[in-house]
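Since the structure comes first, as structure tokens, the remarks are kept for the end.
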Amino acid sequence: MRRYTKSHEWVEVEGNRARTGLSAFAVKEVGSIVFIELPSPGAVVKAGLPFGVLESSKSVYDLFAPVSGTVREANESVAEAPESLEGDPEGTWLTVIEMSNPEEVSSLMTAEEYEAFLKERGQEEKE
Amino acid sequence: MTRLRVVRSAPGRAAWNMALDEALARSPLGGPTLRLYGWAPPALSLGFFQAVDGLDLDAAARAGLDLVRRPTGGGAIIHEAELTYALCLPGERSPGACVLLAEAVAAALRAAGIDARLREGEGPPGCPAACFAGTAATDIVCCPGSSAPLKLSGMAQRVWREGTLVHGSLPFAYRADLHEAVFGEAPRGFAWLALLAPEVTKESVCGNLIEEIARCLGAQPYEGEPEAAEILEAGRLCVRYGSREWTLGGRRRVEVSSVAAV
């Protein structure tokens with residue numbers, strides 16, 4: 001089942017590994033992505049802390065690790081052609097993390113909860 | 001009412017300028033801050049992700065330019081005779097800060113009698129080596145006579161979890177030979193203040209900027225200095241910004257272990 005963070009990353013759990021990506025909302029919000037840097041395989045990452053960076057329209061944003069663990073794979077094809085992320089963000093993975101604490105996933109939002117979170121956030125911005 | 005701290009710094013070294021901007025943007029101590037500064041010696045700054053291909057760094061060094069990589073995006077800039085402004089918004093992830101600042105800068109220039117406005121529409125994606133050769137929706141442009149838009153100022157942004165930093169550069173003068181030496185060709189389609197309005201002083205632009213940015217933020221400006229803890233943090237960050245290895249690393253490698261220690 002797909003889960004989402006408040007910082008707009010998604011994870012798809014496969015055994016003790018989590019495939020991660022960026023939500024369609026986040027990709028649409030940042031606009032044309034010109035650079036993306038992902039952690040190297042072997043890097044130890046902690047949930048909620050920066051583990052990558054992207055640049056769009058001269059703005060640089062941190063990417064946050066959705067779960068803790070060790071990066072086993074980074075999608076080099078996205079790093080080489082970051083614009084490809086814009087075509088299918090929910091179907092384009094960024095990293096595979098071997099989780100050190102799989103229980104963290106249960107604290108992330110389901111797709112329905114994430115949708116409600118985005119609606120609430122949009123409402124707050126209007127106010 | 002929110003307050004806007006205005007820090008006017010003496011011209012500083014490139015690594016220190018970047019380190020202090022990052023410290024002010026990420027530290028919760030000083031609140032929203034506008035820092036106005038210059039560069040001594042003059043410097044060539046690179047965008048965060050920028051590769052150094054296409055830049056003649058030897059020519060830059062021979063011309064006495066310091067070299068630094070900014071935490072913000074975009075292309076390279078020669079900082080010589082210019083006003084540099086940094087809007088630091090600690091505690092806020094504000095992707096819209098760049099647009100807000102661009103509107104304030106355009107208003108500040110209009111108040112100085114220059115017909116400045118935001119560029120209509122965004123240029124093609126990608127980023128040329130020289131910032132002033134590129135186009136973005138947050139460019140400040142002017143159209144003297146009926147000319148095509150000339151870029152007067154550009155902006156770039158960094159959004160951290162702990163805060164947002166927007167950098168802007170407003171050139172007062174321009175040396176074509178220096179730009180040609182470093183970039184291979186002089187950027188076209190841009191202008192500088194001495195060309196458009198030689199009577200406008202840096203001091204008057206600073207005053208207008210402070211007024212307009214404070215207005216856009218709904219904040220009361222006051223003159224202030226960085227806190228001791230912010231200076232200490234800038235000193236720590238200065239080691240990284242002053243590292244030639246880090247600066248020339250091209251596309252950034254993510255420092256996961258160091259980030260995790262923050």
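Letters A, B, ... mark the chains of the structure tokens in the order given; residue numbers begin at 1 per chain; ligand numbers begin at 1, in order shown.
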Residue hits in chain A, query chain B, radius 12 Å, only C-alpha atoms, as a ChimeraX atom specification: /A:6-7,26,29-65,68-71,79-83,125
- request: Write out as a ChimeraX atom specification each polymer residue whose atoms come within 6 Å of stretch 12-19 of chain A, counting only C-alpha atoms; drop sequence neighbours fewer than 2 positions from it.
  value: /A:2,95-99
Would you export the selected residues with N, CA and C atoms as a compact mmCIF listing (two decimals), in the first residue's frame, please?
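Listed below is the output, out18.txt:
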```
# COMPACT_ATOMS: atom_id res chain seq x y z
N ARG A 2 0.46 2.25 -0.76
CA ARG A 2 1.25 3.48 -0.86
C ARG A 2 0.96 4.40 0.32
N THR A 95 14.29 6.34 -5.03
CA THR A 95 15.26 5.51 -4.29
C THR A 95 14.56 4.24 -3.79
N VAL A 96 15.39 3.26 -3.45
CA VAL A 96 14.92 2.10 -2.70
C VAL A 96 15.71 2.09 -1.39
N ILE A 97 14.99 2.09 -0.28
CA ILE A 97 15.63 2.14 1.04
C ILE A 97 15.35 0.83 1.78
N GLU A 98 16.42 0.21 2.26
CA GLU A 98 16.24 -0.94 3.15
C GLU A 98 15.95 -0.38 4.54
N MET A 99 14.77 -0.65 5.02
CA MET A 99 14.31 0.04 6.23
C MET A 99 14.96 -0.52 7.50
```
- line: Using only C-alpha atoms, the shortest atom-to-atom distance to B:Val205 among B:Cys142, B:Leu248, B:Leu46, B:Leu36 belongs to B:Leu36
task: Please provide the set of residues having any atom within 10 Å of A:His8, restricted to only C-alpha atoms, with same-chain residues fewer than 5 positions apart removed, written as a PyMOL selection string.
output: chain A and resi 3+21-27+63-64+66+114+118
message: One decimal, in Å: what's the spacing between atom CA of B:His167 and atom CA of B:Arg69?
response: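 Between atom CA of B:His167 and atom CA of B:Arg69 the gap is 12.6 Å.
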message: With only C-alpha atoms as the counted atoms, please give the residues lying no more than 10 Å from B:Glu211, apart from itself and same-chain residues fewer than 5 positions off, as a list in words.
response: Ala104, Val105, Ala107, Ala108, Val205, Cys206, Cys216, Ala219, Gln220 and Pro221 of chain B
query: Where does DSSP see strand (DSSP E or B) in stretch 1-234 of chain B, if you list the residues as a count of residues only?
result: 68
